[in-house]
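Below is the file final.pdb, which contains PDB, C-alpha atoms.
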ATOM      1  CA  MET A  23     256.547  51.129 109.719  1.00  0.00           C
ATOM      2  CA  LYS A  24     258.582  48.424 111.381  1.00  0.00           C
ATOM      3  CA  LEU A  25     262.313  49.166 111.351  1.00  0.00           C
ATOM      4  CA  ASP A  26     264.947  46.460 111.557  1.00  0.00           C
ATOM      5  CA  ASP A  27     268.571  46.826 112.642  1.00  0.00           C
ATOM      6  CA  ARG A  28     269.789  47.653 109.124  1.00  0.00           C
ATOM      7  CA  ASP A  29     267.188  50.404 108.766  1.00  0.00           C
ATOM      8  CA  ILE A  30     268.393  51.903 112.050  1.00  0.00           C
ATOM      9  CA  GLN A  31     272.009  51.619 110.845  1.00  0.00           C
ATOM     10  CA  ILE A  32     271.140  53.438 107.614  1.00  0.00           C
ATOM     11  CA  LEU A  33     269.345  56.227 109.482  1.00  0.00           C
ATOM     12  CA  SER A  34     272.151  56.544 112.042  1.00  0.00           C
ATOM     13  CA  ILE A  35     274.856  56.784 109.391  1.00  0.00           C
ATOM     14  CA  LEU A  36     272.880  59.315 107.342  1.00  0.00           C
ATOM     15  CA  GLN A  37     272.334  61.496 110.434  1.00  0.00           C
ATOM     16  CA  ARG A  38     276.089  61.753 110.904  1.00  0.00           C
ATOM     17  CA  GLU A  39     277.249  61.579 107.292  1.00  0.00           C
ATOM     18  CA  GLY A  40     274.537  62.853 104.967  1.00  0.00           C
ATOM     19  CA  ARG A  41     276.973  63.090 102.051  1.00  0.00           C
ATOM     20  CA  ILE A  42     278.035  59.446 102.188  1.00  0.00           C
ATOM     21  CA  SER A  43     277.853  57.736  98.796  1.00  0.00           C
ATOM     22  CA  LYS A  44     275.309  54.990  98.290  1.00  0.00           C
ATOM     23  CA  THR A  45     278.132  52.520  97.678  1.00  0.00           C
ATOM     24  CA  ALA A  46     279.908  53.467 100.894  1.00  0.00           C
ATOM     25  CA  LEU A  47     276.610  53.296 102.803  1.00  0.00           C
ATOM     26  CA  ALA A  48     275.998  49.786 101.456  1.00  0.00           C
ATOM     27  CA  GLU A  49     279.510  48.720 102.500  1.00  0.00           C
ATOM     28  CA  ARG A  50     279.066  50.168 106.001  1.00  0.00           C
ATOM     29  CA  ILE A  51     275.905  48.165 106.633  1.00  0.00           C
ATOM     30  CA  ASN A  52     277.283  45.055 104.931  1.00  0.00           C
ATOM     31  CA  LEU A  53     274.707  44.971 102.157  1.00  0.00           C
ATOM     32  CA  SER A  54     275.013  45.095  98.383  1.00  0.00           C
ATOM     33  CA  PRO A  55     274.202  48.459  96.745  1.00  0.00           C
ATOM     34  CA  THR A  56     270.831  47.531  95.182  1.00  0.00           C
ATOM     35  CA  PRO A  57     269.120  46.277  98.374  1.00  0.00           C
ATOM     36  CA  CYS A  58     270.651  49.197 100.275  1.00  0.00           C
ATOM     37  CA  TRP A  59     269.263  51.650  97.700  1.00  0.00           C
ATOM     38  CA  GLU A  60     265.817  49.965  97.949  1.00  0.00           C
ATOM     39  CA  ARG A  61     265.851  50.338 101.738  1.00  0.00           C
ATOM     40  CA  LEU A  62     266.886  53.972 101.435  1.00  0.00           C
ATOM     41  CA  LYS A  63     264.046  54.701  98.994  1.00  0.00           C
ATOM     42  CA  ARG A  64     261.573  52.897 101.314  1.00  0.00           C
ATOM     43  CA  LEU A  65     262.724  54.999 104.294  1.00  0.00           C
ATOM     44  CA  GLU A  66     262.352  58.187 102.229  1.00  0.00           C
ATOM     45  CA  ALA A  67     258.899  57.148 100.939  1.00  0.00           C
ATOM     46  CA  ALA A  68     257.768  56.414 104.504  1.00  0.00           C
ATOM     47  CA  GLY A  69     258.717  59.960 105.519  1.00  0.00           C
ATOM     48  CA  LEU A  70     261.476  58.903 107.903  1.00  0.00           C
ATOM     49  CA  ILE A  71     264.085  60.778 105.868  1.00  0.00           C
ATOM     50  CA  VAL A  72     262.837  64.288 105.187  1.00  0.00           C
ATOM     51  CA  GLY A  73     265.983  65.843 103.740  1.00  0.00           C
ATOM     52  CA  TYR A  74     269.743  65.991 103.527  1.00  0.00           C
ATOM     53  CA  ARG A  75     271.575  69.010 104.943  1.00  0.00           C
ATOM     54  CA  ALA A  76     274.940  70.393 105.836  1.00  0.00           C
ATOM     55  CA  GLU A  77     275.575  71.250 109.476  1.00  0.00           C
ATOM     56  CA  ILE A  78     276.879  74.826 109.581  1.00  0.00           C
ATOM     57  CA  SER A  79     278.993  76.196 112.422  1.00  0.00           C
ATOM     58  CA  ALA A  80     277.286  79.344 113.701  1.00  0.00           C
ATOM     59  CA  SER A  81     280.449  80.480 115.492  1.00  0.00           C
ATOM     60  CA  ALA A  82     282.454  80.226 112.263  1.00  0.00           C
ATOM     61  CA  MET A  83     279.887  82.453 110.545  1.00  0.00           C
ATOM     62  CA  GLY A  84     280.608  85.269 112.977  1.00  0.00           C
ATOM     63  CA  PRO A  85     279.415  86.742 116.253  1.00  0.00           C
ATOM     64  CA  HIS A  86     275.872  85.887 117.227  1.00  0.00           C
ATOM     65  CA  VAL A  87     273.633  85.323 120.206  1.00  0.00           C
ATOM     66  CA  THR A  88     271.309  82.388 120.805  1.00  0.00           C
ATOM     67  CA  VAL A  89     268.280  83.121 122.951  1.00  0.00           C
ATOM     68  CA  PHE A  90     265.518  80.863 124.214  1.00  0.00           C
ATOM     69  CA  VAL A  91     262.268  82.719 124.708  1.00  0.00           C
ATOM     70  CA  ALA A  92     259.357  81.356 126.712  1.00  0.00           C
ATOM     71  CA  VAL A  93     256.135  82.945 125.471  1.00  0.00           C
ATOM     72  CA  GLU A  94     252.750  83.228 127.154  1.00  0.00           C
ATOM     73  CA  LEU A  95     249.765  84.206 125.048  1.00  0.00           C
ATOM     74  CA  GLU A  96     246.866  86.372 126.202  1.00  0.00           C
ATOM     75  CA  GLY A  97     244.258  83.955 124.836  1.00  0.00           C
ATOM     76  CA  HIS A  98     244.234  80.213 124.369  1.00  0.00           C
ATOM     77  CA  ARG A  99     241.674  79.652 121.638  1.00  0.00           C
ATOM     78  CA  ALA A 100     242.778  77.878 118.469  1.00  0.00           C
ATOM     79  CA  ALA A 101     242.646  81.204 116.584  1.00  0.00           C
ATOM     80  CA  ASP A 102     245.015  82.793 119.152  1.00  0.00           C
ATOM     81  CA  MET A 103     247.520  79.981 118.671  1.00  0.00           C
ATOM     82  CA  ARG A 104     247.252  80.126 114.859  1.00  0.00           C
ATOM     83  CA  ARG A 105     247.814  83.901 114.868  1.00  0.00           C
ATOM     84  CA  PHE A 106     251.030  83.539 116.861  1.00  0.00           C
ATOM     85  CA  GLU A 107     252.244  80.508 114.890  1.00  0.00           C
ATOM     86  CA  THR A 108     251.623  82.275 111.584  1.00  0.00           C
ATOM     87  CA  ALA A 109     253.406  85.457 112.713  1.00  0.00           C
ATOM     88  CA  VAL A 110     256.668  83.714 113.631  1.00  0.00           C
ATOM     89  CA  GLN A 111     256.963  81.813 110.333  1.00  0.00           C
ATOM     90  CA  ASP A 112     258.505  84.674 108.347  1.00  0.00           C
ATOM     91  CA  ILE A 113     260.984  85.926 110.955  1.00  0.00           C
ATOM     92  CA  PRO A 114     264.400  84.600 109.904  1.00  0.00           C
ATOM     93  CA  GLU A 115     265.939  84.983 113.372  1.00  0.00           C
ATOM     94  CA  VAL A 116     263.298  82.671 114.844  1.00  0.00           C
ATOM     95  CA  ALA A 117     264.996  79.324 114.213  1.00  0.00           C
ATOM     96  CA  PHE A 118     262.670  76.983 116.125  1.00  0.00           C
ATOM     97  CA  VAL A 119     259.310  77.253 117.840  1.00  0.00           C
ATOM     98  CA  TRP A 120     257.734  74.536 119.953  1.00  0.00           C
ATOM     99  CA  ALA A 121     254.239  74.560 121.450  1.00  0.00           C
ATOM    100  CA  VAL A 122     254.681  73.301 125.014  1.00  0.00           C
ATOM    101  CA  GLY A 123     252.544  72.341 127.973  1.00  0.00           C
ATOM    102  CA  GLY A 124     253.091  73.785 131.396  1.00  0.00           C
ATOM    103  CA  GLY A 125     253.620  77.323 132.597  1.00  0.00           C
ATOM    104  CA  TYR A 126     253.897  78.964 129.187  1.00  0.00           C
ATOM    105  CA  ASP A 127     252.613  78.307 125.681  1.00  0.00           C
ATOM    106  CA  TYR A 128     255.652  78.347 123.370  1.00  0.00           C
ATOM    107  CA  LEU A 129     259.393  78.003 123.504  1.00  0.00           C
ATOM    108  CA  MET A 130     261.288  79.799 120.734  1.00  0.00           C
ATOM    109  CA  GLN A 131     264.932  79.622 119.790  1.00  0.00           C
ATOM    110  CA  VAL A 132     266.121  82.911 118.323  1.00  0.00           C
ATOM    111  CA  ILE A 133     269.523  83.322 116.685  1.00  0.00           C
ATOM    112  CA  ALA A 134     270.522  86.942 116.045  1.00  0.00           C
ATOM    113  CA  ARG A 135     273.647  88.972 115.297  1.00  0.00           C
ATOM    114  CA  ASP A 136     273.520  90.605 118.725  1.00  0.00           C
ATOM    115  CA  ILE A 137     271.234  91.440 121.642  1.00  0.00           C
ATOM    116  CA  ASP A 138     270.052  94.620 119.935  1.00  0.00           C
ATOM    117  CA  ARG A 139     268.809  92.640 116.918  1.00  0.00           C
ATOM    118  CA  TYR A 140     267.170  90.086 119.231  1.00  0.00           C
ATOM    119  CA  GLN A 141     265.328  92.890 121.030  1.00  0.00           C
ATOM    120  CA  ARG A 142     264.159  94.339 117.709  1.00  0.00           C
ATOM    121  CA  VAL A 143     262.694  90.934 116.819  1.00  0.00           C
ATOM    122  CA  ILE A 144     260.815  90.822 120.128  1.00  0.00           C
ATOM    123  CA  ASP A 145     259.676  94.449 119.775  1.00  0.00           C
ATOM    124  CA  GLY A 146     258.344  93.604 116.317  1.00  0.00           C
ATOM    125  CA  LEU A 147     256.383  90.666 117.706  1.00  0.00           C
ATOM    126  CA  LEU A 148     254.918  92.831 120.453  1.00  0.00           C
ATOM    127  CA  GLU A 149     253.997  95.601 118.015  1.00  0.00           C
ATOM    128  CA  ALA A 150     252.350  93.079 115.683  1.00  0.00           C
ATOM    129  CA  GLU A 151     249.659  92.547 118.320  1.00  0.00           C
ATOM    130  CA  ILE A 152     249.641  88.784 117.915  1.00  0.00           C
ATOM    131  CA  GLY A 153     248.566  88.089 121.472  1.00  0.00           C
ATOM    132  CA  MET A 154     251.876  87.856 123.342  1.00  0.00           C
ATOM    133  CA  ALA A 155     251.078  88.529 126.986  1.00  0.00           C
ATOM    134  CA  ARG A 156     254.569  87.910 128.402  1.00  0.00           C
ATOM    135  CA  TYR A 157     257.920  86.624 127.278  1.00  0.00           C
ATOM    136  CA  TYR A 158     260.910  85.394 129.240  1.00  0.00           C
ATOM    137  CA  THR A 159     264.401  85.712 127.761  1.00  0.00           C
ATOM    138  CA  HIS A 160     267.095  83.108 128.422  1.00  0.00           C
ATOM    139  CA  ILE A 161     270.425  83.947 126.781  1.00  0.00           C
ATOM    140  CA  VAL A 162     272.707  81.029 125.960  1.00  0.00           C
ATOM    141  CA  THR A 163     276.125  81.661 127.514  1.00  0.00           C
ATOM    142  CA  LYS A 164     277.824  78.529 126.181  1.00  0.00           C
ATOM    143  CA  PRO A 165     276.894  75.269 124.513  1.00  0.00           C
ATOM    144  CA  VAL A 166     277.204  72.278 126.815  1.00  0.00           C
ATOM    145  CA  LYS A 167     275.827  69.399 124.744  1.00  0.00           C
ATOM    146  CA  SER A 168     274.789  69.241 121.136  1.00  0.00           C
ATOM    147  CA  VAL A 169     273.587  66.226 119.205  1.00  0.00           C
ATOM    148  CA  SER A 170     273.355  66.001 115.466  1.00  0.00           C
ATOM    149  CA  GLY A 171     270.441  63.640 115.257  1.00  0.00           C
ATOM    150  CA  LEU A 172     267.779  61.690 117.036  1.00  0.00           C
ATOM    151  CA  PRO A 173     268.523  58.896 119.521  1.00  0.00           C
ATOM    152  CA  LEU A 174     267.187  56.323 117.052  1.00  0.00           C
ATOM    153  CA  GLU A 175     267.675  53.213 119.188  1.00  0.00           C
ATOM    154  CA  LEU A 176     265.669  54.833 121.992  1.00  0.00           C
ATOM    155  CA  LEU A 177     262.855  55.952 119.700  1.00  0.00           C
ATOM    156  CA  ARG A 178     262.460  52.732 117.764  1.00  0.00           C
ATOM    157  CA  GLY A 179     259.071  51.228 118.359  1.00  0.00           C
ATOM    158  CA  GLY A 180     258.293  47.671 119.346  1.00  0.00           C
TER
END
This structure in structure tokens:
Amino acid sequence: MKLDDRDIQILSILQREGRISKTALAERINLSPTPCWERLKRLEAAGLIVGYRAEISASAMGPHVTVFVAVELEGHRAADMRRFETAVQDIPEVAFVWAVGGGYDYLMQVIARDIDRYQRVIDGLLEAEIGMARYYTHIVTKPVKSVSGLPLELLRGG
């Protein structure tokens, strides 16, 4: 799908202000409400907008620890990968998992109440015998940069 400047404006505004009214969105991009609404529906239908969410402050929720975990699997067949990927789906503390190339197979972001709970998550994964050969724990000590969206101008094709 070819995106023009107004499409990028709509996406950028929605990334920052998901609760903006359709009328206010139309005003911000200097377009009347009906064409703005049509563009919005087209972007949703194309799969560019996959949902609307609130950004929640983890620190305001209470004490927690964020841990990045690099995971190496014992085997590298498709079935080995599927077994691991299926196992992490139902663990609420596992917030994100990325399959990566390089020295290890996966990078996980785990958010837990404390280090003890994090370790129980890892122990559960090891006991599940899902093919984890090794894992490397990297505890986040402080946030340095956080973005609330994609760099749309940089990702826009052609």
Give me, as a PDB file with C-alpha atoms, keeping the file's coordinate frame, all polymer residues having an atom no more than 12 Å from region 133-149 of chain A, counting all atoms listed in the file and skipping those fewer than 3 positions away in the same chain.
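Dumped everything to selection39.pdb:
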ATOM      1  CA  ALA A  80     277.286  79.344 113.701  1.00  0.00           C
ATOM      2  CA  SER A  81     280.449  80.480 115.492  1.00  0.00           C
ATOM      3  CA  MET A  83     279.887  82.453 110.545  1.00  0.00           C
ATOM      4  CA  GLY A  84     280.608  85.269 112.977  1.00  0.00           C
ATOM      5  CA  PRO A  85     279.415  86.742 116.253  1.00  0.00           C
ATOM      6  CA  HIS A  86     275.872  85.887 117.227  1.00  0.00           C
ATOM      7  CA  VAL A  87     273.633  85.323 120.206  1.00  0.00           C
ATOM      8  CA  THR A  88     271.309  82.388 120.805  1.00  0.00           C
ATOM      9  CA  VAL A  89     268.280  83.121 122.951  1.00  0.00           C
ATOM     10  CA  PHE A  90     265.518  80.863 124.214  1.00  0.00           C
ATOM     11  CA  VAL A  91     262.268  82.719 124.708  1.00  0.00           C
ATOM     12  CA  ALA A  92     259.357  81.356 126.712  1.00  0.00           C
ATOM     13  CA  VAL A  93     256.135  82.945 125.471  1.00  0.00           C
ATOM     14  CA  GLU A  94     252.750  83.228 127.154  1.00  0.00           C
ATOM     15  CA  LEU A  95     249.765  84.206 125.048  1.00  0.00           C
ATOM     16  CA  GLU A  96     246.866  86.372 126.202  1.00  0.00           C
ATOM     17  CA  ARG A 105     247.814  83.901 114.868  1.00  0.00           C
ATOM     18  CA  PHE A 106     251.030  83.539 116.861  1.00  0.00           C
ATOM     19  CA  GLU A 107     252.244  80.508 114.890  1.00  0.00           C
ATOM     20  CA  THR A 108     251.623  82.275 111.584  1.00  0.00           C
ATOM     21  CA  ALA A 109     253.406  85.457 112.713  1.00  0.00           C
ATOM     22  CA  VAL A 110     256.668  83.714 113.631  1.00  0.00           C
ATOM     23  CA  GLN A 111     256.963  81.813 110.333  1.00  0.00           C
ATOM     24  CA  ASP A 112     258.505  84.674 108.347  1.00  0.00           C
ATOM     25  CA  ILE A 113     260.984  85.926 110.955  1.00  0.00           C
ATOM     26  CA  PRO A 114     264.400  84.600 109.904  1.00  0.00           C
ATOM     27  CA  GLU A 115     265.939  84.983 113.372  1.00  0.00           C
ATOM     28  CA  VAL A 116     263.298  82.671 114.844  1.00  0.00           C
ATOM     29  CA  ALA A 117     264.996  79.324 114.213  1.00  0.00           C
ATOM     30  CA  PHE A 118     262.670  76.983 116.125  1.00  0.00           C
ATOM     31  CA  VAL A 119     259.310  77.253 117.840  1.00  0.00           C
ATOM     32  CA  MET A 130     261.288  79.799 120.734  1.00  0.00           C
ATOM     33  CA  ILE A 152     249.641  88.784 117.915  1.00  0.00           C
ATOM     34  CA  GLY A 153     248.566  88.089 121.472  1.00  0.00           C
ATOM     35  CA  MET A 154     251.876  87.856 123.342  1.00  0.00           C
ATOM     36  CA  ALA A 155     251.078  88.529 126.986  1.00  0.00           C
ATOM     37  CA  ARG A 156     254.569  87.910 128.402  1.00  0.00           C
ATOM     38  CA  TYR A 157     257.920  86.624 127.278  1.00  0.00           C
ATOM     39  CA  TYR A 158     260.910  85.394 129.240  1.00  0.00           C
ATOM     40  CA  THR A 159     264.401  85.712 127.761  1.00  0.00           C
ATOM     41  CA  HIS A 160     267.095  83.108 128.422  1.00  0.00           C
ATOM     42  CA  ILE A 161     270.425  83.947 126.781  1.00  0.00           C
ATOM     43  CA  VAL A 162     272.707  81.029 125.960  1.00  0.00           C
TER      44      VAL A 162
END
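Compared by their closest atoms to Lys44 (chain A), and using only C-alpha atoms, the residues A:Ala82, A:Ala101, A:Cys58, A:Leu25 rank with A:Cys58 nearest.
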CA of Asp127 (chain A) to CA of Pro173 (chain A): how many Å, to one decimal?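 Taking CA of Asp127 (chain A) as the start and CA of Pro173 (chain A) as the end point, the length is 25.8 Å.
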Would you kindly translate the PyMOL selection byres ((chain A and resi 45) around 10) into the concrete residues it picks from this file, as a list in words?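 For this structure, the PyMOL selection byres ((chain A and resi 45) around 10) captures Ile42, Ser43, Lys44, Ala46, Leu47, Ala48, Glu49, Arg50, Leu53, Ser54, Pro55, Thr56, Cys58 and Trp59 of chain A.
The space between CA of Gly40 (chain A) and CA of Trp120 (chain A) spans 25.4 Å.
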Please report, as JSON, the centre and edge lengths in Å to one decimal of an axis-aligned box covering all listed atoms of region 30-49 of chain A with 8 Å per side.
{"center_x": 274.2, "center_y": 55.9, "center_z": 104.9, "size_x": 27.5, "size_y": 30.4, "size_z": 30.4}
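Note that the spacing between CA of Gly125 (chain A) and CA of Val166 (chain A) amounts to 24.8 Å.
Distances from A:Thr163, A:Val169, A:Ser34, A:Gly123 to Ile71 (chain A) were compared using only C-alpha atoms, and the smallest one belongs to A:Ser34.
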Find the spatial neighbours of Tyr74 (chain A), counting all atoms listed in the file, within a cut-off of 10 Å - ignore same-chain residues fewer than 3 positions away - and output them as a PyMOL selection string. chain A and resi 36-37+39-41+71+77
